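Only one structure is covered here, and it is reproduced in the block below.
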Amino acid sequence: MSRYAYVAGRYLPQAEAAVPIEDRGYQFADGVYEVIAVEDGRLIDAGPHLKRLDRSLNELRIPRPMGDRALGIVLRRVVALNRVRRGMVYLQISRGVAPRDHAFPREVQPQLVVTAKRLTLQPPHLVEAGVRVVTIPDLRWARCDIKSIALLPNVMGKQAAREAGAYEAWQIDRDGNVTEGTSSNAWIVTAGGSLVTRPAGNEILNGITRTVVLELVRELGLAFEQRAFSTAEALAAREAFLTSTTSHVLAVTRIDDMPVGDGVPGAFTKALRQRYLAHLAAGSGR
Ligand code: PDD
């Protein structure tokens, strides 16, 4: 089945969809994106994703190409055209197409591109055994809170993980603390049973999954702290896990070849994963 994309105001077979070579996304990574999960054909947490999109656009002073209603229609149409029941929709907005010049062009229209693809459930062995992460220096810029398409350090980091046979790389700041994964947020459970994740700030992307899991943590009445934690603290932790739109809640059972806790997914991670899957199944619009 051919895949469809939305580009320059049209729905086209992906093979025919193209952007001009002077798109500033292509030349300067001057754009932002979102990845939204699709469950049972419905967008999950579209509201918070579009709110974060607005924030990213505002920070980069890129105007919104269309309002929430119209954007929702485009996203749902691309999902339907690609017959995605379970998967993800990707949307990218660049500042637009203009002759190459670093400063903002005087007249330019933001360019929206939307694609969608099917994803199957995570392989059961990853969920059952948990995954391994490697640690790498965080080489990124000072505005990781913006979901920008400039992802070169993330790409290099994920490749380093792949070559090490790991699922993800946890990026470490100059103080020796974990910022986040290359495409996921990082969490630990302390020996005392408190959940710890880095506070939302310029050093991390404030994940929508992270926000939902924090709500679930509150609902369950679990102790939690939003603060930085070091690699050493993660290795001494009872449990560790990561969160993202596509990985959900996934146990991290090894860091740099050393086991975390018992080296198997722990009770907190399992409980939060179950709760998160229920949230997906409910197709909640929170
Ligand atoms: N990645 N941190 C980074 C650097 C990310 O790229 C992502 C998401 C997250 C988790 O955010 P959320 O829970 O909203 O998915 C954290 C997406 C899935 C991606 O780039 O494909």
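Letters for chains follow the order of the structure tokens (A, B, ...), residue numbers begin at 1 for each chain, and ligand numbers begin at 1 in the order shown.
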- Task: Find the residues near segment 89-91 of chain A: any atom within 8 Å, counting only C-alpha atoms, skip ones fewer than 4 places away on the same chain, and give them as JSON, numbers by chain.
- Result: {"A": [33, 34, 35, 36, 37, 38, 75, 78, 79, 112, 113, 114, 115, 116, 117]}
Show me a table, sorted first by chain and then by increasing residue number, of the residues of chain A having an atom at most 8 Å from ligand 1, each with its shortest atom pair and the distance in Å to one decimal, counting only C-alpha atoms and all ligand atoms and written as JSON lines.
{"residue": "A:Glu34", "atom": "CA", "partner": "ligand 1", "partner_atom_place_in_ligand_line": "17 (C)", "distance": 7.1}
{"residue": "A:Val35", "atom": "CA", "partner": "ligand 1", "partner_atom_place_in_ligand_line": "18 (C)", "distance": 5.4}
{"residue": "A:Ile36", "atom": "CA", "partner": "ligand 1", "partner_atom_place_in_ligand_line": "15 (O)", "distance": 7.4}
{"residue": "A:His49", "atom": "CA", "partner": "ligand 1", "partner_atom_place_in_ligand_line": "14 (O)", "distance": 7.1}
{"residue": "A:Cys144", "atom": "CA", "partner": "ligand 1", "partner_atom_place_in_ligand_line": "4 (C)", "distance": 7.3}
{"residue": "A:Lys147", "atom": "CA", "partner": "ligand 1", "partner_atom_place_in_ligand_line": "6 (O)", "distance": 7.2}
{"residue": "A:Asn154", "atom": "CA", "partner": "ligand 1", "partner_atom_place_in_ligand_line": "4 (C)", "distance": 7.1}
{"residue": "A:Glu180", "atom": "CA", "partner": "ligand 1", "partner_atom_place_in_ligand_line": "2 (N)", "distance": 6.1}
{"residue": "A:Gly181", "atom": "CA", "partner": "ligand 1", "partner_atom_place_in_ligand_line": "2 (N)", "distance": 6.0}
{"residue": "A:Thr182", "atom": "CA", "partner": "ligand 1", "partner_atom_place_in_ligand_line": "4 (C)", "distance": 4.8}
{"residue": "A:Ser183", "atom": "CA", "partner": "ligand 1", "partner_atom_place_in_ligand_line": "5 (C)", "distance": 3.4}
{"residue": "A:Ser184", "atom": "CA", "partner": "ligand 1", "partner_atom_place_in_ligand_line": "16 (C)", "distance": 3.6}
{"residue": "A:Asn185", "atom": "CA", "partner": "ligand 1", "partner_atom_place_in_ligand_line": "16 (C)", "distance": 4.6}
{"residue": "A:Ile204", "atom": "CA", "partner": "ligand 1", "partner_atom_place_in_ligand_line": "2 (N)", "distance": 6.3}
{"residue": "A:Leu205", "atom": "CA", "partner": "ligand 1", "partner_atom_place_in_ligand_line": "2 (N)", "distance": 4.7}
{"residue": "A:Asn206", "atom": "CA", "partner": "ligand 1", "partner_atom_place_in_ligand_line": "11 (O)", "distance": 6.4}
{"residue": "A:Gly207", "atom": "CA", "partner": "ligand 1", "partner_atom_place_in_ligand_line": "11 (O)", "distance": 3.3}
{"residue": "A:Ile208", "atom": "CA", "partner": "ligand 1", "partner_atom_place_in_ligand_line": "14 (O)", "distance": 3.7}
{"residue": "A:Thr209", "atom": "CA", "partner": "ligand 1", "partner_atom_place_in_ligand_line": "13 (O)", "distance": 3.7}
{"residue": "A:Arg210", "atom": "CA", "partner": "ligand 1", "partner_atom_place_in_ligand_line": "13 (O)", "distance": 5.5}
{"residue": "A:Thr211", "atom": "CA", "partner": "ligand 1", "partner_atom_place_in_ligand_line": "13 (O)", "distance": 7.7}
{"residue": "A:Thr243", "atom": "CA", "partner": "ligand 1", "partner_atom_place_in_ligand_line": "13 (O)", "distance": 6.0}
{"residue": "A:Ser244", "atom": "CA", "partner": "ligand 1", "partner_atom_place_in_ligand_line": "13 (O)", "distance": 3.6}
{"residue": "A:Thr245", "atom": "CA", "partner": "ligand 1", "partner_atom_place_in_ligand_line": "15 (O)", "distance": 3.7}
{"residue": "A:Thr246", "atom": "CA", "partner": "ligand 1", "partner_atom_place_in_ligand_line": "18 (C)", "distance": 5.5}
{"residue": "A:Ser247", "atom": "CA", "partner": "ligand 1", "partner_atom_place_in_ligand_line": "18 (C)", "distance": 7.9}
{"residue": "A:His248", "atom": "CA", "partner": "ligand 1", "partner_atom_place_in_ligand_line": "13 (O)", "distance": 7.7}
- Who sits within 7 Å of Ala169 of chain A, only C-alpha atoms, same chain under 5 positions skipped, as a PyMOL selection string: chain A and resi 133-136+157-158+161+181-182
- Name the closest residue to Asp101 of chain A among the candidates A:Arg24, A:Arg61, A:Arg3, A:His279; distances are taken between atoms, counting only C-alpha atoms.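 When distances to Asp101 of chain A are compared using only C-alpha atoms, the smallest one comes from A:Arg24.
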- In segment 107-138 of chain A, DSSP strand (DSSP E or B) residues written as a list of chain:residue names: A:Gln111, A:Leu112, A:Val113, A:Val114, A:Thr115, A:Ala116, A:Lys117, A:Arg118, A:Val131, A:Arg132, A:Val133, A:Val134, A:Thr135, A:Ile136, A:Pro137
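Among the candidates A:Leu12, A:Leu139, A:Ile93, A:Met156, the one nearest to Gln171 of chain A when counting only C-alpha atoms is A:Leu139.
For the pair atom CA of Leu235 of chain A and atom CA of Trp141 of chain A, the interatomic distance is 26.4 Å.
The protein and nucleic acid residues lying at most 12 Å from Ile62 of chain A are A:Arg24, A:Gly25, A:Asp30, A:Gly31, A:Val32, A:Leu53, A:Asp54, A:Arg55, A:Ser56, A:Leu57, A:Asn58, A:Glu59, A:Pro65, A:Met66, A:Gln92, A:Ile93, A:Ser94, A:Arg95, A:Gly96, A:Phe104, A:Pro105, A:Glu107, A:Val108, A:Gln109, A:Pro110, A:Gln111, A:Leu112, A:Ser148, with only C-alpha atoms considered and sequence neighbours fewer than 3 positions away removed.
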